[in-house]
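final.cif, holding mmCIF, N, CA and C atoms:
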```cif
data_input
#
loop_
_atom_site.label_atom_id
_atom_site.label_comp_id
_atom_site.auth_asym_id
_atom_site.auth_seq_id
_atom_site.Cartn_x
_atom_site.Cartn_y
_atom_site.Cartn_z
N MET E 1 0.86 -1.17 0.00
CA MET E 1 0.00 0.00 0.00
C MET E 1 0.90 1.23 0.00
N LYS E 2 0.57 2.17 -0.88
CA LYS E 2 1.33 3.41 -0.97
C LYS E 2 0.52 4.55 -0.38
N GLN E 3 1.20 5.45 0.29
CA GLN E 3 0.57 6.62 0.90
C GLN E 3 0.95 7.86 0.09
N TYR E 4 -0.04 8.71 -0.18
CA TYR E 4 0.20 9.95 -0.90
C TYR E 4 -0.48 11.09 -0.16
N LYS E 5 0.14 12.29 -0.27
CA LYS E 5 -0.51 13.50 0.21
C LYS E 5 -0.87 14.30 -1.03
N ILE E 6 -2.15 14.71 -1.10
CA ILE E 6 -2.66 15.43 -2.25
C ILE E 6 -3.16 16.80 -1.80
N ASN E 7 -2.79 17.84 -2.56
CA ASN E 7 -3.23 19.20 -2.28
C ASN E 7 -4.32 19.56 -3.28
N VAL E 8 -5.54 19.81 -2.80
CA VAL E 8 -6.64 20.24 -3.65
C VAL E 8 -7.12 21.60 -3.15
N ASN E 9 -6.83 22.63 -3.93
CA ASN E 9 -7.23 24.00 -3.58
C ASN E 9 -6.80 24.39 -2.18
N GLY E 10 -5.59 24.04 -1.81
CA GLY E 10 -5.05 24.43 -0.52
C GLY E 10 -5.38 23.50 0.63
N THR E 11 -6.19 22.48 0.40
CA THR E 11 -6.53 21.50 1.43
C THR E 11 -5.77 20.21 1.14
N PHE E 12 -5.06 19.70 2.15
CA PHE E 12 -4.28 18.48 1.96
C PHE E 12 -5.09 17.26 2.39
N TYR E 13 -4.99 16.20 1.60
CA TYR E 13 -5.64 14.93 1.88
C TYR E 13 -4.60 13.84 1.85
N GLU E 14 -4.72 12.87 2.77
CA GLU E 14 -3.86 11.70 2.74
C GLU E 14 -4.62 10.57 2.09
N VAL E 15 -3.99 9.93 1.09
CA VAL E 15 -4.64 8.89 0.31
C VAL E 15 -3.78 7.64 0.35
N SER E 16 -4.43 6.50 0.56
CA SER E 16 -3.75 5.21 0.50
C SER E 16 -4.21 4.47 -0.74
N ILE E 17 -3.24 3.96 -1.51
CA ILE E 17 -3.57 3.23 -2.74
C ILE E 17 -2.94 1.86 -2.66
N GLU E 18 -3.77 0.84 -2.90
CA GLU E 18 -3.30 -0.53 -2.87
C GLU E 18 -3.06 -1.00 -4.30
N GLU E 19 -1.90 -1.63 -4.52
CA GLU E 19 -1.59 -2.15 -5.84
C GLU E 19 -2.18 -3.55 -5.98
N VAL E 20 -2.81 -3.81 -7.13
CA VAL E 20 -3.36 -5.13 -7.42
C VAL E 20 -2.90 -5.55 -8.81
N ASP E 21 -2.90 -6.85 -9.08
CA ASP E 21 -2.53 -7.29 -10.43
C ASP E 21 -3.77 -7.50 -11.29
N ALA E 22 -3.58 -7.72 -12.57
CA ALA E 22 -4.68 -7.80 -13.53
C ALA E 22 -5.65 -8.93 -13.21
N SER E 23 -5.16 -10.06 -12.70
CA SER E 23 -6.06 -11.19 -12.42
C SER E 23 -7.04 -10.85 -11.30
N GLU E 24 -6.61 -10.07 -10.32
CA GLU E 24 -7.52 -9.66 -9.24
C GLU E 24 -8.60 -8.71 -9.76
N ILE E 25 -8.24 -7.84 -10.69
CA ILE E 25 -9.21 -6.91 -11.25
C ILE E 25 -10.27 -7.65 -12.03
N LYS E 26 -9.85 -8.61 -12.88
CA LYS E 26 -10.80 -9.39 -13.68
C LYS E 26 -11.73 -10.19 -12.80
N SER E 27 -11.19 -10.85 -11.76
CA SER E 27 -12.05 -11.68 -10.91
C SER E 27 -13.03 -10.84 -10.10
N SER E 28 -12.61 -9.66 -9.64
CA SER E 28 -13.54 -8.82 -8.88
C SER E 28 -14.58 -8.21 -9.80
N ALA E 29 -14.24 -7.91 -11.06
CA ALA E 29 -15.21 -7.37 -12.00
C ALA E 29 -16.27 -8.42 -12.34
N ASN E 30 -15.88 -9.67 -12.50
CA ASN E 30 -16.83 -10.73 -12.80
C ASN E 30 -17.79 -10.97 -11.65
N THR E 31 -17.30 -11.00 -10.43
CA THR E 31 -18.18 -11.26 -9.29
C THR E 31 -19.07 -10.07 -9.00
N SER E 32 -18.56 -8.85 -9.16
CA SER E 32 -19.41 -7.69 -8.85
C SER E 32 -20.50 -7.51 -9.89
N SER E 33 -20.23 -7.82 -11.16
CA SER E 33 -21.27 -7.65 -12.17
C SER E 33 -22.34 -8.72 -12.04
N GLU E 34 -22.00 -9.88 -11.49
CA GLU E 34 -23.00 -10.93 -11.31
C GLU E 34 -23.86 -10.68 -10.08
N SER E 35 -23.26 -10.11 -9.03
CA SER E 35 -24.00 -9.96 -7.78
C SER E 35 -24.75 -8.64 -7.66
N ALA E 36 -24.23 -7.58 -8.30
CA ALA E 36 -24.88 -6.27 -8.18
C ALA E 36 -25.51 -5.87 -9.49
N PRO E 37 -26.68 -5.24 -9.43
CA PRO E 37 -27.29 -4.79 -10.68
C PRO E 37 -26.46 -3.68 -11.30
N ALA E 38 -26.45 -3.61 -12.60
CA ALA E 38 -25.68 -2.58 -13.30
C ALA E 38 -26.32 -1.22 -13.06
N ALA E 39 -25.47 -0.21 -12.93
CA ALA E 39 -25.97 1.15 -12.75
C ALA E 39 -26.60 1.61 -14.05
N LYS E 40 -27.78 2.20 -13.94
CA LYS E 40 -28.48 2.66 -15.13
C LYS E 40 -28.16 4.12 -15.39
N ALA E 41 -27.96 4.45 -16.65
CA ALA E 41 -27.79 5.84 -17.05
C ALA E 41 -29.16 6.51 -17.01
N ALA E 42 -29.15 7.81 -17.01
CA ALA E 42 -30.43 8.54 -17.01
C ALA E 42 -31.21 8.17 -18.25
N GLU E 43 -32.45 7.75 -18.07
CA GLU E 43 -33.30 7.33 -19.18
C GLU E 43 -33.86 8.56 -19.89
N PRO E 44 -33.92 8.52 -21.21
CA PRO E 44 -34.60 9.62 -21.89
C PRO E 44 -36.05 9.69 -21.45
N VAL E 45 -36.59 10.89 -21.40
CA VAL E 45 -37.96 11.08 -20.94
C VAL E 45 -38.95 10.63 -22.00
N ALA E 46 -38.64 10.88 -23.26
CA ALA E 46 -39.55 10.53 -24.34
C ALA E 46 -39.25 9.13 -24.86
N ALA E 47 -40.25 8.53 -25.50
CA ALA E 47 -40.04 7.22 -26.12
C ALA E 47 -39.07 7.37 -27.28
N SER E 48 -38.55 6.27 -27.78
CA SER E 48 -37.56 6.34 -28.84
C SER E 48 -38.22 6.41 -30.22
N ALA E 49 -39.31 7.11 -30.32
CA ALA E 49 -40.00 7.33 -31.61
C ALA E 49 -39.16 8.29 -32.44
N PRO E 50 -39.37 8.30 -33.75
CA PRO E 50 -38.62 9.24 -34.59
C PRO E 50 -38.90 10.67 -34.15
N VAL E 51 -37.85 11.48 -34.12
CA VAL E 51 -37.96 12.86 -33.66
C VAL E 51 -38.20 13.76 -34.87
N SER E 52 -39.21 14.63 -34.76
CA SER E 52 -39.48 15.56 -35.85
C SER E 52 -39.47 16.97 -35.30
N GLY E 53 -39.49 17.94 -36.20
CA GLY E 53 -39.53 19.33 -35.79
C GLY E 53 -38.15 19.92 -35.60
N GLU E 54 -38.10 21.05 -34.92
CA GLU E 54 -36.86 21.77 -34.65
C GLU E 54 -36.12 21.07 -33.52
N LYS E 55 -34.96 20.48 -33.82
CA LYS E 55 -34.18 19.74 -32.83
C LYS E 55 -33.20 20.67 -32.13
N VAL E 56 -33.01 20.47 -30.83
CA VAL E 56 -32.03 21.24 -30.06
C VAL E 56 -31.05 20.26 -29.45
N ASN E 57 -29.76 20.49 -29.73
CA ASN E 57 -28.70 19.63 -29.22
C ASN E 57 -27.86 20.40 -28.21
N ALA E 58 -27.14 19.68 -27.36
CA ALA E 58 -26.29 20.32 -26.36
C ALA E 58 -25.15 21.07 -27.06
N PRO E 59 -24.96 22.34 -26.72
CA PRO E 59 -23.89 23.11 -27.35
C PRO E 59 -22.51 22.78 -26.79
N MET E 60 -22.47 22.13 -25.64
CA MET E 60 -21.20 21.80 -24.98
C MET E 60 -21.44 20.65 -24.01
N PRO E 61 -20.39 19.97 -23.58
CA PRO E 61 -20.58 18.90 -22.58
C PRO E 61 -20.90 19.50 -21.22
N GLY E 62 -21.69 18.76 -20.44
CA GLY E 62 -22.03 19.22 -19.09
C GLY E 62 -23.08 18.36 -18.44
N ASN E 63 -23.70 18.88 -17.39
CA ASN E 63 -24.73 18.17 -16.63
C ASN E 63 -26.05 18.95 -16.72
N ILE E 64 -27.14 18.21 -16.88
CA ILE E 64 -28.46 18.84 -16.93
C ILE E 64 -28.92 19.11 -15.50
N LEU E 65 -29.05 20.38 -15.15
CA LEU E 65 -29.49 20.76 -13.79
C LEU E 65 -31.00 20.84 -13.68
N ALA E 66 -31.67 21.24 -14.76
CA ALA E 66 -33.12 21.40 -14.72
C ALA E 66 -33.70 21.14 -16.10
N VAL E 67 -34.86 20.48 -16.11
CA VAL E 67 -35.63 20.28 -17.34
C VAL E 67 -36.97 20.97 -17.08
N ASN E 68 -37.20 22.08 -17.77
CA ASN E 68 -38.39 22.90 -17.53
C ASN E 68 -39.55 22.58 -18.46
N ILE E 69 -39.37 21.58 -19.32
CA ILE E 69 -40.39 21.24 -20.32
C ILE E 69 -40.68 19.75 -20.28
N LYS E 70 -41.85 19.38 -20.83
CA LYS E 70 -42.17 17.97 -21.00
C LYS E 70 -42.93 17.82 -22.30
N VAL E 71 -42.98 16.60 -22.80
CA VAL E 71 -43.66 16.34 -24.07
C VAL E 71 -45.11 16.83 -23.98
N GLY E 72 -45.54 17.56 -25.00
CA GLY E 72 -46.90 18.08 -25.05
C GLY E 72 -47.04 19.52 -24.58
N ASP E 73 -46.02 20.07 -23.93
CA ASP E 73 -46.08 21.46 -23.46
C ASP E 73 -46.09 22.42 -24.64
N SER E 74 -46.91 23.47 -24.57
CA SER E 74 -46.85 24.57 -25.53
C SER E 74 -45.79 25.53 -25.06
N VAL E 75 -44.88 25.91 -25.96
CA VAL E 75 -43.74 26.76 -25.57
C VAL E 75 -43.61 27.91 -26.55
N LYS E 76 -42.94 28.96 -26.09
CA LYS E 76 -42.68 30.15 -26.89
C LYS E 76 -41.18 30.30 -27.11
N ALA E 77 -40.81 30.87 -28.25
CA ALA E 77 -39.40 31.13 -28.55
C ALA E 77 -38.80 32.01 -27.46
N GLY E 78 -37.61 31.68 -27.00
CA GLY E 78 -36.93 32.44 -25.96
C GLY E 78 -37.17 31.93 -24.56
N GLN E 79 -38.12 31.02 -24.39
CA GLN E 79 -38.38 30.41 -23.08
C GLN E 79 -37.22 29.48 -22.74
N VAL E 80 -36.89 29.37 -21.45
CA VAL E 80 -35.81 28.48 -21.02
C VAL E 80 -36.34 27.05 -20.97
N GLY E 81 -35.76 26.18 -21.79
CA GLY E 81 -36.18 24.77 -21.83
C GLY E 81 -35.44 23.92 -20.83
N MET E 82 -34.14 24.16 -20.70
CA MET E 82 -33.29 23.38 -19.79
C MET E 82 -32.17 24.27 -19.28
N ILE E 83 -31.54 23.81 -18.20
CA ILE E 83 -30.34 24.48 -17.70
C ILE E 83 -29.22 23.44 -17.72
N LEU E 84 -28.14 23.79 -18.42
CA LEU E 84 -26.98 22.92 -18.59
C LEU E 84 -25.81 23.53 -17.84
N GLU E 85 -25.25 22.77 -16.89
CA GLU E 85 -24.08 23.25 -16.17
C GLU E 85 -22.83 22.77 -16.89
N ALA E 86 -21.97 23.71 -17.21
CA ALA E 86 -20.69 23.39 -17.84
C ALA E 86 -19.64 24.31 -17.24
N MET E 87 -18.55 23.74 -16.76
CA MET E 87 -17.46 24.50 -16.15
C MET E 87 -17.95 25.43 -15.05
N LYS E 88 -18.83 24.92 -14.20
CA LYS E 88 -19.38 25.65 -13.05
C LYS E 88 -20.25 26.84 -13.44
N MET E 89 -20.67 26.89 -14.70
CA MET E 89 -21.56 27.96 -15.16
C MET E 89 -22.89 27.34 -15.55
N GLU E 90 -23.98 28.00 -15.20
CA GLU E 90 -25.31 27.53 -15.58
C GLU E 90 -25.69 28.20 -16.90
N ASN E 91 -25.91 27.37 -17.93
CA ASN E 91 -26.24 27.86 -19.26
C ASN E 91 -27.70 27.55 -19.56
N GLU E 92 -28.45 28.57 -19.92
CA GLU E 92 -29.86 28.38 -20.25
C GLU E 92 -29.97 27.91 -21.69
N ILE E 93 -30.65 26.78 -21.90
CA ILE E 93 -30.91 26.28 -23.25
C ILE E 93 -32.31 26.77 -23.62
N MET E 94 -32.36 27.67 -24.58
CA MET E 94 -33.60 28.35 -24.93
C MET E 94 -34.40 27.58 -25.98
N ILE E 95 -35.70 27.79 -25.96
CA ILE E 95 -36.60 27.26 -26.98
C ILE E 95 -36.40 28.11 -28.24
N PRO E 96 -36.08 27.49 -29.38
CA PRO E 96 -35.78 28.29 -30.58
C PRO E 96 -37.00 28.83 -31.33
N VAL E 97 -38.14 28.13 -31.24
CA VAL E 97 -39.34 28.52 -32.00
C VAL E 97 -40.59 28.29 -31.16
N ASP E 98 -41.66 28.98 -31.49
CA ASP E 98 -42.96 28.71 -30.85
C ASP E 98 -43.44 27.34 -31.30
N GLY E 99 -44.11 26.61 -30.43
CA GLY E 99 -44.66 25.31 -30.83
C GLY E 99 -44.98 24.44 -29.65
N THR E 100 -44.96 23.13 -29.90
CA THR E 100 -45.25 22.12 -28.89
C THR E 100 -44.06 21.20 -28.75
N VAL E 101 -43.70 20.85 -27.53
CA VAL E 101 -42.57 19.94 -27.30
C VAL E 101 -42.97 18.55 -27.80
N SER E 102 -42.20 18.04 -28.77
CA SER E 102 -42.52 16.72 -29.34
C SER E 102 -41.67 15.61 -28.75
N ALA E 103 -40.51 15.94 -28.20
CA ALA E 103 -39.65 14.91 -27.60
C ALA E 103 -38.67 15.58 -26.64
N VAL E 104 -38.34 14.87 -25.57
CA VAL E 104 -37.32 15.31 -24.62
C VAL E 104 -36.36 14.14 -24.50
N GLY E 105 -35.09 14.38 -24.79
CA GLY E 105 -34.12 13.30 -24.85
C GLY E 105 -33.29 13.08 -23.61
N VAL E 106 -33.36 13.96 -22.62
CA VAL E 106 -32.55 13.81 -21.41
C VAL E 106 -33.40 14.13 -20.18
N ALA E 107 -32.93 13.66 -19.05
CA ALA E 107 -33.60 13.92 -17.77
C ALA E 107 -32.68 14.74 -16.88
N LYS E 108 -33.26 15.33 -15.85
CA LYS E 108 -32.47 16.08 -14.87
C LYS E 108 -31.40 15.16 -14.29
N GLY E 109 -30.18 15.67 -14.18
CA GLY E 109 -29.08 14.89 -13.64
C GLY E 109 -28.25 14.17 -14.68
N ALA E 110 -28.70 14.17 -15.93
CA ALA E 110 -27.97 13.48 -16.99
C ALA E 110 -26.68 14.22 -17.33
N THR E 111 -25.67 13.47 -17.72
CA THR E 111 -24.44 14.04 -18.23
C THR E 111 -24.50 13.94 -19.75
N VAL E 112 -24.25 15.05 -20.43
CA VAL E 112 -24.34 15.07 -21.89
C VAL E 112 -23.02 15.50 -22.51
N GLU E 113 -22.81 15.07 -23.73
CA GLU E 113 -21.67 15.50 -24.52
C GLU E 113 -22.13 16.56 -25.51
N SER E 114 -21.21 17.26 -26.10
CA SER E 114 -21.54 18.24 -27.11
C SER E 114 -22.25 17.54 -28.26
N GLY E 115 -23.40 18.08 -28.69
CA GLY E 115 -24.16 17.48 -29.79
C GLY E 115 -25.21 16.49 -29.36
N THR E 116 -25.32 16.19 -28.07
CA THR E 116 -26.34 15.26 -27.58
C THR E 116 -27.73 15.86 -27.78
N PHE E 117 -28.67 15.06 -28.28
CA PHE E 117 -30.05 15.52 -28.49
C PHE E 117 -30.67 15.86 -27.14
N LEU E 118 -31.24 17.07 -27.02
CA LEU E 118 -31.91 17.49 -25.79
C LEU E 118 -33.42 17.45 -25.92
N PHE E 119 -33.96 18.16 -26.93
CA PHE E 119 -35.42 18.18 -27.12
C PHE E 119 -35.74 18.64 -28.53
N SER E 120 -37.01 18.46 -28.93
CA SER E 120 -37.46 18.97 -30.22
C SER E 120 -38.81 19.66 -30.07
N ILE E 121 -39.05 20.63 -30.96
CA ILE E 121 -40.27 21.43 -30.93
C ILE E 121 -40.95 21.30 -32.30
N ASN E 122 -42.25 21.01 -32.32
CA ASN E 122 -43.03 20.98 -33.57
C ASN E 122 -43.76 22.29 -33.73
#
```
Let me see whether you can do it: turn the structure in this file into structure tokens.
Amino acid sequence: MKQYKINVNGTFYEVSIEEVDASEIKSSANTSSESAPAAKAAEPVAASAPVSGEKVNAPMPGNILAVNIKVGDSVKAGQVGMILEAMKMENEIMIPVDGTVSAVGVAKGATVESGTFLFSIN
């Protein structure tokens, strides 16, 4: 076991790291996947039907802090549809056109990459 001191923003932490070989990693991965259920990613809110209308994708990678719309909502251009946190900044994802929400592709708490489908408006 190796001991390390780590400085994070002026606060020091002591960390212990145990070295293991590849066979131990494989055997623990096999037993943990059989005994514990797999962690599920955030499920899209809408069904996987074909998406039509004006599509809005994530402009940058980040985390979805709020989803202010749901399928069937009537929305106006300029309304805030979602809030995306990126680099500790909250970015408002605006509705581009007047219409009805036809699909929502992410849920609150989801992590998205740049270009990830967020929602569409008919």
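One finds atom C of Met87 in chain E at 20.7 Å from CA of Asn68 in chain E.
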- Item | Ile69 in chain E surroundings by all atoms listed in the file, 7 Å radius, close-in-sequence under 3 positions cut, as a PyMOL selection string | chain E and resi 66+73+80-82
Quick one: what's the axis-aligned box for range 4-21 of chain E, all listed atoms, 8 Å on every side, centre and edges in Å to one decimal, as JSON?
```
{"center_x": -3.5, "center_y": 8.5, "center_z": -4.3, "size_x": 23.4, "size_y": 47.9, "size_z": 30.1}
```
**Study point:** Hits of the PyMOL selection byres ((chain E and resi 13-17) around 6.5) in this structure, as a ChimeraX atom specification
**Key:** /E:1-8,11-12,18-19
| So how many Å separate CA of Val97 in chain E and CA of Leu84 in chain E, to one decimal? |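 CA of Val97 in chain E sits 19.1 Å away from CA of Leu84 in chain E.
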Pull out every residue that the PyMOL selection byres (((chain E and resi 53 and name CA) around 9) and name CA) matches in the shown coordinates and put them as an MDAnalysis selection string. chainID E and resid 51:52 54:55 102 120:122
Generate the output file for the selected residues, N, CA and C atoms, as a tab-separated table (two decimals), keeping the file's coordinate frame.
```tsv
chain	number	residue	atom	x	y	z
E	51	VAL	N	-37.85	11.48	-34.12
E	51	VAL	CA	-37.96	12.86	-33.66
E	51	VAL	C	-38.20	13.76	-34.87
E	52	SER	N	-39.21	14.63	-34.76
E	52	SER	CA	-39.48	15.56	-35.85
E	52	SER	C	-39.47	16.97	-35.30
E	54	GLU	N	-38.10	21.05	-34.92
E	54	GLU	CA	-36.86	21.77	-34.65
E	54	GLU	C	-36.12	21.07	-33.52
E	55	LYS	N	-34.96	20.48	-33.82
E	55	LYS	CA	-34.18	19.74	-32.83
E	55	LYS	C	-33.20	20.67	-32.13
E	102	SER	N	-42.20	18.04	-28.77
E	102	SER	CA	-42.52	16.72	-29.34
E	102	SER	C	-41.67	15.61	-28.75
E	120	SER	N	-37.01	18.46	-28.93
E	120	SER	CA	-37.46	18.97	-30.22
E	120	SER	C	-38.81	19.66	-30.07
E	121	ILE	N	-39.05	20.63	-30.96
E	121	ILE	CA	-40.27	21.43	-30.93
E	121	ILE	C	-40.95	21.30	-32.30
E	122	ASN	N	-42.25	21.01	-32.32
E	122	ASN	CA	-43.03	20.98	-33.57
E	122	ASN	C	-43.76	22.29	-33.73
```
note - atom C of Val101 in chain E and CA of Lys88 in chain E are separated by 28.7 Å
Would you list the residues near (-19.1, 17.2, -22.9) (no more than 5 Å away, in the coordinates of the file, using all atoms listed in the file) as a VMD selection string?
chain E and resid 60 to 62 112 to 114
Inset, instruction - Can you pull out every residue within 6.5 Å of Asp98 in chain E, counting only N, CA and C atoms, but drop anything in the same chain fewer than 6 positions away, and send it as a PyMOL selection string? - result: chain E and resi 75-77+122
Residues selected by the PyMOL selection byres (((chain E and resi 65 and name CA) around 8) and name CA), written as a JSON list (two decimals) with N, CA and C atoms, in the frame of the given file:
```json
[["chain", "number", "residue", "atom", "x", "y", "z"],
["E", 63, "ASN", "N", -23.70, 18.88, -17.39],
["E", 63, "ASN", "CA", -24.73, 18.17, -16.63],
["E", 63, "ASN", "C", -26.05, 18.95, -16.72],
["E", 64, "ILE", "N", -27.14, 18.21, -16.88],
["E", 64, "ILE", "CA", -28.46, 18.84, -16.93],
["E", 64, "ILE", "C", -28.92, 19.11, -15.50],
["E", 66, "ALA", "N", -31.67, 21.24, -14.76],
["E", 66, "ALA", "CA", -33.12, 21.40, -14.72],
["E", 66, "ALA", "C", -33.70, 21.14, -16.10],
["E", 67, "VAL", "N", -34.86, 20.48, -16.11],
["E", 67, "VAL", "CA", -35.63, 20.28, -17.34],
["E", 67, "VAL", "C", -36.97, 20.97, -17.08],
["E", 82, "MET", "N", -34.14, 24.16, -20.70],
["E", 82, "MET", "CA", -33.29, 23.38, -19.79],
["E", 82, "MET", "C", -32.17, 24.27, -19.28],
["E", 83, "ILE", "N", -31.54, 23.81, -18.20],
["E", 83, "ILE", "CA", -30.34, 24.48, -17.70],
["E", 83, "ILE", "C", -29.22, 23.44, -17.72],
["E", 84, "LEU", "N", -28.14, 23.79, -18.42],
["E", 84, "LEU", "CA", -26.98, 22.92, -18.59],
["E", 84, "LEU", "C", -25.81, 23.53, -17.84],
["E", 85, "GLU", "N", -25.25, 22.77, -16.89],
["E", 85, "GLU", "CA", -24.08, 23.25, -16.17],
["E", 85, "GLU", "C", -22.83, 22.77, -16.89],
["E", 108, "LYS", "N", -33.26, 15.33, -15.85],
["E", 108, "LYS", "CA", -32.47, 16.08, -14.87],
["E", 108, "LYS", "C", -31.40, 15.16, -14.29],
["E", 109, "GLY", "N", -30.18, 15.67, -14.18],
["E", 109, "GLY", "CA", -29.08, 14.89, -13.64],
["E", 109, "GLY", "C", -28.25, 14.17, -14.68]]
```
In file coordinates, which residues lie within 6 Å of (-31.3, 24.9, -26.2) using all atoms listed in the file, given as a ChimeraX atom specification?
-> /E:56-57,92-95
Nearby residues (only N, CA and C atoms) at most 6 Å from Leu118 in chain E, same-chain spacing under 3 positions excluded, as JSON, numbers by chain: {"E": [56, 57, 58, 103, 104, 105, 106]}
